[in-house]
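Source file: work-v2.pdb (PDB, C-alpha atoms, pLDDT in the B column)
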```pdb
ATOM      1  CA  MET L   1       0.000   0.000   0.000  1.00 55.00           C
ATOM      2  CA  ASN L   2       1.171   3.522  -0.776  1.00 54.00           C
ATOM      3  CA  LYS L   3       2.876   5.128   2.267  1.00 50.00           C
ATOM      4  CA  SER L   4       0.983   8.383   1.741  1.00 53.00           C
ATOM      5  CA  VAL L   5      -2.307   6.472   1.847  1.00 48.00           C
ATOM      6  CA  ILE L   6      -1.259   4.736   5.092  1.00 46.00           C
ATOM      7  CA  ARG L   7      -0.282   8.067   6.633  1.00 49.00           C
ATOM      8  CA  MET L   8      -3.648   9.526   5.598  1.00 48.00           C
ATOM      9  CA  GLU L   9      -5.559   6.605   7.135  1.00 51.00           C
ATOM     10  CA  CYS L  10      -3.590   6.906  10.373  1.00 46.00           C
ATOM     11  CA  PHE L  11      -4.229  10.644  10.450  1.00 43.00           C
ATOM     12  CA  VAL L  12      -7.977  10.159   9.931  1.00 45.00           C
ATOM     13  CA  SER L  13      -8.077   7.372  12.515  1.00 53.00           C
ATOM     14  CA  GLY L  14      -6.169   9.517  15.021  1.00 50.00           C
ATOM     15  CA  ARG L  15      -8.517  12.451  14.502  1.00 53.00           C
ATOM     16  CA  PHE L  16     -11.515  10.160  14.962  1.00 47.00           C
ATOM     17  CA  ILE L  17     -10.142   8.834  18.269  1.00 50.00           C
ATOM     18  CA  LEU L  18      -9.331  12.366  19.402  1.00 41.00           C
ATOM     19  CA  ALA L  19     -12.877  13.477  18.545  1.00 45.00           C
ATOM     20  CA  LEU L  20     -14.284  10.579  20.575  1.00 44.00           C
ATOM     21  CA  MET L  21     -12.096  11.507  23.529  1.00 45.00           C
ATOM     22  CA  ILE L  22     -13.213  15.145  23.381  1.00 39.00           C
ATOM     23  CA  ALA L  23     -16.860  14.089  23.124  1.00 43.00           C
ATOM     24  CA  PHE L  24     -16.475  11.758  26.119  1.00 44.00           C
ATOM     25  CA  ALA L  25     -14.767  14.482  28.177  1.00 40.00           C
ATOM     26  CA  ALA L  26     -17.564  16.932  27.339  1.00 41.00           C
ATOM     27  CA  PHE L  27     -20.186  14.357  28.332  1.00 43.00           C
ATOM     28  CA  ALA L  28     -18.424  13.689  31.636  1.00 41.00           C
ATOM     29  CA  LEU L  29     -18.143  17.421  32.316  1.00 38.00           C
ATOM     30  CA  ASN L  30     -21.838  17.977  31.627  1.00 43.00           C
ATOM     31  CA  ALA L  31     -22.695  15.088  33.937  1.00 38.00           C
ATOM     32  CA  CYS L  32     -20.644  16.659  36.718  1.00 38.00           C
ATOM     33  CA  ILE L  33     -22.284  20.038  36.171  1.00 35.00           C
ATOM     34  CA  SER L  34     -25.774  18.518  36.225  1.00 40.00           C
ATOM     35  CA  GLN L  35     -24.940  16.818  39.560  1.00 50.00           C
ATOM     36  CA  LYS L  36     -24.165  20.141  41.155  1.00 58.00           C
ATOM     37  CA  PRO L  37     -23.120  19.915  44.815  1.00 83.00           C
ATOM     38  CA  TRP L  38     -25.321  21.110  47.634  1.00 90.00           C
ATOM     39  CA  HIS L  39     -25.136  24.748  48.623  1.00 92.00           C
ATOM     40  CA  VAL L  40     -24.744  23.841  52.310  1.00 94.00           C
ATOM     41  CA  GLU L  41     -22.485  21.142  53.736  1.00 93.00           C
ATOM     42  CA  GLU L  42     -23.456  17.549  53.007  1.00 94.00           C
ATOM     43  CA  VAL L  43     -23.031  15.175  55.970  1.00 93.00           C
ATOM     44  CA  THR L  44     -24.591  12.017  54.566  1.00 92.00           C
ATOM     45  CA  GLY L  45     -22.872   9.044  56.192  1.00 92.00           C
ATOM     46  CA  HIS L  46     -20.916  11.234  58.620  1.00 93.00           C
ATOM     47  CA  LEU L  47     -23.584  11.729  61.280  1.00 95.00           C
ATOM     48  CA  PRO L  48     -25.952   9.107  62.747  1.00 95.00           C
ATOM     49  CA  ASP L  49     -29.658   8.805  62.037  1.00 95.00           C
ATOM     50  CA  LEU L  50     -31.880  10.900  64.267  1.00 96.00           C
ATOM     51  CA  LYS L  51     -32.598   9.268  67.622  1.00 95.00           C
ATOM     52  CA  PHE L  52     -34.180  10.817  70.712  1.00 96.00           C
ATOM     53  CA  SER L  53     -37.018  10.587  73.211  1.00 97.00           C
ATOM     54  CA  LEU L  54     -38.023  14.067  74.352  1.00 98.00           C
ATOM     55  CA  THR L  55     -41.033  16.080  75.478  1.00 98.00           C
ATOM     56  CA  ALA L  56     -42.638  18.371  72.894  1.00 98.00           C
ATOM     57  CA  ASP L  57     -44.077  21.801  73.696  1.00 98.00           C
ATOM     58  CA  ASN L  58     -47.548  20.238  73.825  1.00 97.00           C
ATOM     59  CA  GLY L  59     -46.430  18.064  76.750  1.00 97.00           C
ATOM     60  CA  ARG L  60     -46.326  14.812  74.788  1.00 97.00           C
ATOM     61  CA  LEU L  61     -43.417  12.388  74.623  1.00 98.00           C
ATOM     62  CA  VAL L  62     -42.061  12.286  71.061  1.00 98.00           C
ATOM     63  CA  THR L  63     -39.455  10.381  69.060  1.00 97.00           C
ATOM     64  CA  PRO L  64     -38.244  10.762  65.462  1.00 96.00           C
ATOM     65  CA  THR L  65     -41.014   8.441  64.286  1.00 96.00           C
ATOM     66  CA  THR L  66     -43.509  11.071  65.475  1.00 97.00           C
ATOM     67  CA  TYR L  67     -42.347  13.219  62.565  1.00 96.00           C
ATOM     68  CA  GLU L  68     -41.724  10.440  60.065  1.00 93.00           C
ATOM     69  CA  GLY L  69     -42.450  11.595  56.538  1.00 93.00           C
ATOM     70  CA  HIS L  70     -41.335  15.162  57.288  1.00 97.00           C
ATOM     71  CA  LEU L  71     -37.986  16.717  56.553  1.00 97.00           C
ATOM     72  CA  LEU L  72     -36.587  17.994  59.865  1.00 98.00           C
ATOM     73  CA  LEU L  73     -34.509  21.094  60.628  1.00 98.00           C
ATOM     74  CA  MET L  74     -33.036  20.660  64.123  1.00 98.00           C
ATOM     75  CA  TYR L  75     -31.564  23.606  66.003  1.00 97.00           C
ATOM     76  CA  PHE L  76     -30.113  23.747  69.546  1.00 96.00           C
ATOM     77  CA  GLY L  77     -30.812  26.896  71.562  1.00 94.00           C
ATOM     78  CA  PHE L  78     -32.713  28.306  74.554  1.00 94.00           C
ATOM     79  CA  THR L  79     -35.547  30.766  74.991  1.00 95.00           C
ATOM     80  CA  ASN L  80     -33.611  33.370  77.025  1.00 92.00           C
ATOM     81  CA  CYS L  81     -31.009  33.650  74.288  1.00 90.00           C
ATOM     82  CA  ASP L  82     -30.885  37.236  73.042  1.00 85.00           C
ATOM     83  CA  SER L  83     -28.541  36.852  70.086  1.00 81.00           C
ATOM     84  CA  GLU L  84     -28.114  33.694  67.997  1.00 87.00           C
ATOM     85  CA  CYS L  85     -31.439  31.981  68.683  1.00 94.00           C
ATOM     86  CA  PRO L  86     -33.897  34.711  67.623  1.00 95.00           C
ATOM     87  CA  VAL L  87     -31.869  35.351  64.478  1.00 95.00           C
ATOM     88  CA  SER L  88     -31.638  31.655  63.613  1.00 95.00           C
ATOM     89  CA  MET L  89     -35.312  30.983  64.290  1.00 97.00           C
ATOM     90  CA  ALA L  90     -36.382  33.997  62.254  1.00 96.00           C
ATOM     91  CA  ARG L  91     -34.162  32.734  59.482  1.00 96.00           C
ATOM     92  CA  LEU L  92     -35.758  29.286  59.532  1.00 97.00           C
ATOM     93  CA  ALA L  93     -39.184  30.910  59.472  1.00 97.00           C
ATOM     94  CA  ARG L  94     -38.129  32.796  56.338  1.00 97.00           C
ATOM     95  CA  VAL L  95     -36.938  29.529  54.762  1.00 97.00           C
ATOM     96  CA  MET L  96     -40.435  28.151  55.386  1.00 97.00           C
ATOM     97  CA  GLN L  97     -41.881  31.150  53.550  1.00 97.00           C
ATOM     98  CA  LEU L  98     -39.520  30.600  50.626  1.00 97.00           C
ATOM     99  CA  LEU L  99     -40.637  26.966  50.406  1.00 97.00           C
ATOM    100  CA  GLY L 100     -44.288  27.914  49.956  1.00 96.00           C
ATOM    101  CA  ASN L 101     -46.582  24.877  50.066  1.00 95.00           C
ATOM    102  CA  ASP L 102     -43.550  22.568  50.356  1.00 96.00           C
ATOM    103  CA  ALA L 103     -43.090  23.873  53.909  1.00 97.00           C
ATOM    104  CA  ASN L 104     -46.004  21.672  55.000  1.00 96.00           C
ATOM    105  CA  ARG L 105     -43.645  18.698  54.630  1.00 97.00           C
ATOM    106  CA  VAL L 106     -41.019  20.274  56.895  1.00 98.00           C
ATOM    107  CA  ARG L 107     -40.774  20.664  60.673  1.00 98.00           C
ATOM    108  CA  ILE L 108     -38.442  22.878  62.723  1.00 98.00           C
ATOM    109  CA  LEU L 109     -37.253  21.177  65.932  1.00 98.00           C
ATOM    110  CA  PHE L 110     -36.013  23.695  68.503  1.00 98.00           C
ATOM    111  CA  VAL L 111     -34.145  21.636  71.118  1.00 97.00           C
ATOM    112  CA  THR L 112     -33.531  23.570  74.325  1.00 96.00           C
ATOM    113  CA  LEU L 113     -30.098  23.656  75.933  1.00 94.00           C
ATOM    114  CA  ASP L 114     -31.699  24.978  79.110  1.00 93.00           C
ATOM    115  CA  PRO L 115     -34.151  22.259  80.171  1.00 94.00           C
ATOM    116  CA  GLY L 116     -34.248  23.536  83.758  1.00 92.00           C
ATOM    117  CA  ARG L 117     -35.998  26.727  82.637  1.00 93.00           C
ATOM    118  CA  ASP L 118     -37.509  25.899  79.276  1.00 96.00           C
ATOM    119  CA  THR L 119     -40.660  24.010  80.209  1.00 97.00           C
ATOM    120  CA  PRO L 120     -43.004  22.836  77.434  1.00 98.00           C
ATOM    121  CA  GLN L 121     -45.216  25.874  78.057  1.00 98.00           C
ATOM    122  CA  VAL L 122     -42.283  28.295  77.807  1.00 98.00           C
ATOM    123  CA  LEU L 123     -41.071  26.593  74.641  1.00 98.00           C
ATOM    124  CA  HIS L 124     -44.541  26.729  73.105  1.00 98.00           C
ATOM    125  CA  ARG L 125     -44.814  30.485  73.624  1.00 98.00           C
ATOM    126  CA  TYR L 126     -41.349  30.931  72.152  1.00 98.00           C
ATOM    127  CA  VAL L 127     -41.492  28.821  68.988  1.00 98.00           C
ATOM    128  CA  THR L 128     -44.988  29.968  67.995  1.00 97.00           C
ATOM    129  CA  GLN L 129     -43.632  33.502  67.645  1.00 97.00           C
ATOM    130  CA  PHE L 130     -41.653  32.312  64.632  1.00 97.00           C
ATOM    131  CA  ASP L 131     -43.804  29.609  63.020  1.00 97.00           C
ATOM    132  CA  PRO L 132     -46.915  28.465  64.908  1.00 96.00           C
ATOM    133  CA  ASP L 133     -47.639  25.666  62.435  1.00 95.00           C
ATOM    134  CA  ARG L 134     -44.270  24.050  61.792  1.00 97.00           C
ATOM    135  CA  ALA L 135     -41.933  24.927  64.700  1.00 98.00           C
ATOM    136  CA  ILE L 136     -41.842  22.537  67.671  1.00 98.00           C
ATOM    137  CA  GLY L 137     -40.026  23.040  70.966  1.00 98.00           C
ATOM    138  CA  LEU L 138     -38.377  19.988  72.539  1.00 98.00           C
ATOM    139  CA  THR L 139     -37.089  19.502  76.073  1.00 98.00           C
ATOM    140  CA  GLY L 140     -36.047  16.663  78.341  1.00 97.00           C
ATOM    141  CA  THR L 141     -33.709  15.844  81.194  1.00 96.00           C
ATOM    142  CA  THR L 142     -30.219  17.302  81.269  1.00 93.00           C
ATOM    143  CA  SER L 143     -28.891  13.847  80.363  1.00 95.00           C
ATOM    144  CA  ASP L 144     -31.269  13.623  77.395  1.00 96.00           C
ATOM    145  CA  ILE L 145     -30.024  16.945  76.037  1.00 94.00           C
ATOM    146  CA  GLU L 146     -26.354  16.149  76.632  1.00 93.00           C
ATOM    147  CA  ARG L 147     -26.745  12.809  74.899  1.00 95.00           C
ATOM    148  CA  LEU L 148     -28.304  14.415  71.824  1.00 96.00           C
ATOM    149  CA  THR L 149     -25.726  17.194  71.578  1.00 93.00           C
ATOM    150  CA  LYS L 150     -22.881  14.685  71.805  1.00 93.00           C
ATOM    151  CA  GLN L 151     -24.545  12.541  69.178  1.00 94.00           C
ATOM    152  CA  TYR L 152     -24.362  15.430  66.691  1.00 93.00           C
ATOM    153  CA  ARG L 153     -21.226  17.107  68.030  1.00 90.00           C
ATOM    154  CA  ALA L 154     -23.119  20.281  68.846  1.00 89.00           C
ATOM    155  CA  ALA L 155     -20.763  22.557  70.749  1.00 81.00           C
ATOM    156  CA  TYR L 156     -22.142  24.438  73.735  1.00 80.00           C
ATOM    157  CA  ARG L 157     -21.171  25.423  77.270  1.00 77.00           C
ATOM    158  CA  PRO L 158     -23.929  24.426  79.688  1.00 68.00           C
ATOM    159  CA  ARG L 159     -24.553  26.202  82.977  1.00 57.00           C
ATOM    160  CA  SER L 160     -22.884  24.447  85.893  1.00 52.00           C
ATOM    161  CA  LYS L 161     -26.073  24.825  87.955  1.00 53.00           C
ATOM    162  CA  ILE L 162     -29.738  24.989  86.965  1.00 51.00           C
ATOM    163  CA  GLY L 163     -30.273  28.289  88.785  1.00 50.00           C
ATOM    164  CA  GLU L 164     -27.096  29.913  87.441  1.00 53.00           C
ATOM    165  CA  ALA L 165     -27.598  33.247  85.716  1.00 52.00           C
ATOM    166  CA  GLY L 166     -26.067  34.221  82.398  1.00 57.00           C
ATOM    167  CA  GLY L 167     -26.214  32.888  78.890  1.00 73.00           C
ATOM    168  CA  ILE L 168     -25.240  29.614  77.306  1.00 84.00           C
ATOM    169  CA  ASP L 169     -22.550  29.701  74.651  1.00 82.00           C
ATOM    170  CA  HIS L 170     -23.535  27.593  71.648  1.00 86.00           C
ATOM    171  CA  GLY L 171     -23.230  27.324  67.889  1.00 84.00           C
ATOM    172  CA  ASP L 172     -25.781  28.221  65.227  1.00 89.00           C
ATOM    173  CA  ALA L 173     -25.751  25.003  63.193  1.00 93.00           C
ATOM    174  CA  VAL L 174     -28.970  23.647  61.688  1.00 96.00           C
ATOM    175  CA  TYR L 175     -29.013  19.857  61.280  1.00 97.00           C
ATOM    176  CA  ILE L 176     -31.140  18.708  58.366  1.00 97.00           C
ATOM    177  CA  PHE L 177     -32.638  15.213  58.264  1.00 97.00           C
ATOM    178  CA  ASP L 178     -34.565  13.643  55.416  1.00 95.00           C
ATOM    179  CA  SER L 179     -38.020  12.116  55.774  1.00 93.00           C
ATOM    180  CA  GLN L 180     -36.458   8.834  56.966  1.00 93.00           C
ATOM    181  CA  GLY L 181     -34.537  10.509  59.788  1.00 95.00           C
ATOM    182  CA  ARG L 182     -31.161  10.305  58.052  1.00 95.00           C
ATOM    183  CA  ALA L 183     -28.686  13.149  58.601  1.00 96.00           C
ATOM    184  CA  ARG L 184     -28.135  14.783  55.211  1.00 96.00           C
ATOM    185  CA  LEU L 185     -27.068  18.425  55.491  1.00 96.00           C
ATOM    186  CA  LEU L 186     -25.580  20.933  57.918  1.00 95.00           C
ATOM    187  CA  ALA L 187     -26.213  24.661  57.535  1.00 95.00           C
ATOM    188  CA  THR L 188     -24.783  27.632  59.415  1.00 92.00           C
ATOM    189  CA  SER L 189     -25.315  31.390  59.420  1.00 89.00           C
ATOM    190  CA  ALA L 190     -22.742  31.591  56.611  1.00 91.00           C
ATOM    191  CA  ASP L 191     -25.311  29.978  54.258  1.00 93.00           C
ATOM    192  CA  SER L 192     -27.975  32.209  52.733  1.00 93.00           C
ATOM    193  CA  ASP L 193     -31.684  31.653  53.343  1.00 95.00           C
ATOM    194  CA  GLU L 194     -32.196  31.180  49.616  1.00 96.00           C
ATOM    195  CA  HIS L 195     -29.526  28.495  49.326  1.00 96.00           C
ATOM    196  CA  LEU L 196     -30.870  26.668  52.359  1.00 96.00           C
ATOM    197  CA  ALA L 197     -34.390  26.748  50.928  1.00 96.00           C
ATOM    198  CA  GLN L 198     -33.113  25.422  47.582  1.00 96.00           C
ATOM    199  CA  ASP L 199     -31.342  22.500  49.250  1.00 96.00           C
ATOM    200  CA  VAL L 200     -34.368  21.690  51.408  1.00 96.00           C
ATOM    201  CA  ARG L 201     -36.594  21.683  48.336  1.00 95.00           C
ATOM    202  CA  ARG L 202     -34.133  19.422  46.530  1.00 94.00           C
ATOM    203  CA  LEU L 203     -34.237  16.969  49.456  1.00 94.00           C
ATOM    204  CA  LEU L 204     -38.036  17.035  49.341  1.00 94.00           C
ATOM    205  CA  GLU L 205     -38.023  16.320  45.605  1.00 91.00           C
ATOM    206  CA  THR L 206     -35.739  13.310  46.037  1.00 86.00           C
ATOM    207  CA  ALA L 207     -37.569  11.931  49.084  1.00 74.00           C
ATOM    208  CA  HIS L 208     -38.635   8.306  48.839  1.00 55.00           C
TER     209      HIS L 208
END
```
Rewrite the structure of this file - the entire thing - as structure tokens.
Amino acid sequence: MNKSVIRMECFVSGRFILALMIAFAAFALNACISQKPWHVEEVTGHLPDLKFSLTADNGRLVTPTTYEGHLLLMYFGFTNCDSECPVSMARLARVMQLLGNDANRVRILFVTLDPGRDTPQVLHRYVTQFDPDRAIGLTGTTSDIERLTKQYRAAYRPRSKIGEAGGIDHGDAVYIFDSQGRARLLATSADSDEHLAQDVRRLLETAH
């Protein structure tokens, strides 16, 4: 066979392979773009499934199965907090507004870090200021609260005595669980309300 013909065939074959490689790379890139990461931090597989037995602000004993089928936003705080808690709760209430009708499939769990003072009645008055339909206050024994905070590595400095005055230092993290009680996302004040609402809606759309 003529050498020039062989060179031409090799050139054509090489260009064809190169074109296939470029097409495959473009396909892979588009696939990565379409699977865009979450706006807030994903913690799937890094934190345990939700587990607790606490008293709700209506006085009833509740567990995660009480809210099965709902996406849960869990926040640790206390009603006498004058800084982080009101801001965080108002923020979660705004996220509910951004979700529209989808908010009916979401519940906000406000877990007190001050069980000695935050009775169910006190919690009820507090959480209903932000969202009377979807916010729920939870309390329990000091051991119950400590166990739950350790389970999710929630940093806080408890009072040494129940009657001690002063605040409680704590973080502003929001732990997000899917409708099966699995830990999926972790949001902080650094994440915008809009991004949090988008991620919550995405979780709702993929719920099964």
I'd like the contact shell of Cys81 of chain L - 12 Å cut-off, all atoms listed in the file, skipping same-chain residues fewer than 2 positions apart - returned as number ranges by chain. L: 76-79, 83-89, 112-114, 117-118, 126, 165-172
With only C-alpha atoms as the counted atoms, please give the residues lying no more than 8 Å from Asp199 of chain L, apart from itself and same-chain residues fewer than 6 positions off, as an mmCIF file with C-alpha atoms, keeping the file's coordinate frame.
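Listed below is the output, selection-v3.cif:
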```
data_model
loop_
_atom_site.group_PDB
_atom_site.id
_atom_site.type_symbol
_atom_site.label_atom_id
_atom_site.label_comp_id
_atom_site.auth_asym_id
_atom_site.auth_seq_id
_atom_site.Cartn_x
_atom_site.Cartn_y
_atom_site.Cartn_z
ATOM 1 C CA TRP L 38 -25.321 21.110 47.634
ATOM 2 C CA HIS L 39 -25.136 24.748 48.623
ATOM 3 C CA VAL L 40 -24.744 23.841 52.310
#
```
Which residues are near Glu205 of chain L? Cut-off 12 Å, all atoms listed in the file, ignore same chain within fewer than 3 positions. Put them as a PDB file with C-alpha atoms, in the frame of the given file.
```
ATOM      1  CA  LEU L  71     -37.986  16.717  56.553  1.00 97.00           C
ATOM      2  CA  LEU L  99     -40.637  26.966  50.406  1.00 97.00           C
ATOM      3  CA  ASP L 102     -43.550  22.568  50.356  1.00 96.00           C
ATOM      4  CA  ARG L 105     -43.645  18.698  54.630  1.00 97.00           C
ATOM      5  CA  ASP L 178     -34.565  13.643  55.416  1.00 95.00           C
ATOM      6  CA  SER L 179     -38.020  12.116  55.774  1.00 93.00           C
ATOM      7  CA  GLN L 198     -33.113  25.422  47.582  1.00 96.00           C
ATOM      8  CA  ASP L 199     -31.342  22.500  49.250  1.00 96.00           C
ATOM      9  CA  VAL L 200     -34.368  21.690  51.408  1.00 96.00           C
ATOM     10  CA  ARG L 201     -36.594  21.683  48.336  1.00 95.00           C
ATOM     11  CA  ARG L 202     -34.133  19.422  46.530  1.00 94.00           C
ATOM     12  CA  HIS L 208     -38.635   8.306  48.839  1.00 55.00           C
TER      13      HIS L 208
END
```
Looking at all atoms listed in the file, which of L:Leu92, L:Val122, L:Arg153, L:Thr142 is the one that sits closest to Ser192 of chain L?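 Under the stated criterion, the closest residue is L:Leu92.
Put simply, the PyMOL selection byres ((chain L and resi 130) around 7) on this file hits Met89, Ala90, Ala93, Val127, Thr128, Gln129, Asp131 and Pro132 of chain L.
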Output file for the selection above: C-alpha atoms, as a JSON list (two decimals), keeping the file's coordinate frame:
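So the final result, stored in out23.json, reads:
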```json
[["chain", "number", "residue", "atom", "x", "y", "z"],
["L", 89, "MET", "CA", -35.31, 30.98, 64.29],
["L", 90, "ALA", "CA", -36.38, 34.00, 62.25],
["L", 93, "ALA", "CA", -39.18, 30.91, 59.47],
["L", 127, "VAL", "CA", -41.49, 28.82, 68.99],
["L", 128, "THR", "CA", -44.99, 29.97, 68.00],
["L", 129, "GLN", "CA", -43.63, 33.50, 67.64],
["L", 131, "ASP", "CA", -43.80, 29.61, 63.02],
["L", 132, "PRO", "CA", -46.92, 28.46, 64.91]]
```
My list of candidates is L:Leu148, L:Leu98, L:Val174, L:Val106. Which is closest to Leu54 of chain L when distances are computed with all atoms listed in the file?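 Looking at the shortest contact to Leu54 of chain L, the residue is L:Leu148.
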Of L:Arg94, L:Arg182, L:Arg60, L:His46, the one nearest to His195 of chain L when counting all atoms listed in the file is L:Arg94
When distances are computed from all atoms listed in the file, which of L:Ala155, L:Ile136, L:Leu123, L:Leu47 shows the smallest separation from Phe177 of chain L?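 Once distances to Phe177 of chain L are computed over all atoms listed in the file, the minimum belongs to L:Leu47.
Interatomic distance, atom CA of Glu41 of chain L to atom CA of Ala154 of chain L: 15.1 Å.
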Hey, what's within 12 Å of Asp144 of chain L if we count only C-alpha atoms and toss same-chain stuff fewer than 3 positions away? As a count of residues only, please? 19
Determine the nearest neighbour of Val95 of chain L from the options L:Gly137, L:Thr66, L:Arg107, L:Arg125, counting all atoms listed in the file.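 Of all the options, L:Arg107 lies closest to Val95 of chain L.
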Target residues per the PyMOL selection byres ((chain L and resi 73) around 6), formatted as a PyMOL selection string: chain L and resi 72+74+108-109+175-176
Between L:Gln97, L:Glu146, L:Tyr152, L:Arg134, which is the closest to Ala197 of chain L once you count only C-alpha atoms? L:Gln97
What separation in Å, quoted to one decimal, exists between atom CA of Gly69 of chain L and atom CA of Gln180 of chain L? 6.6 Å
Length of the atom CA of Leu185 of chain L to atom CA of Glu42 of chain L vector [Å]: 4.5 Å
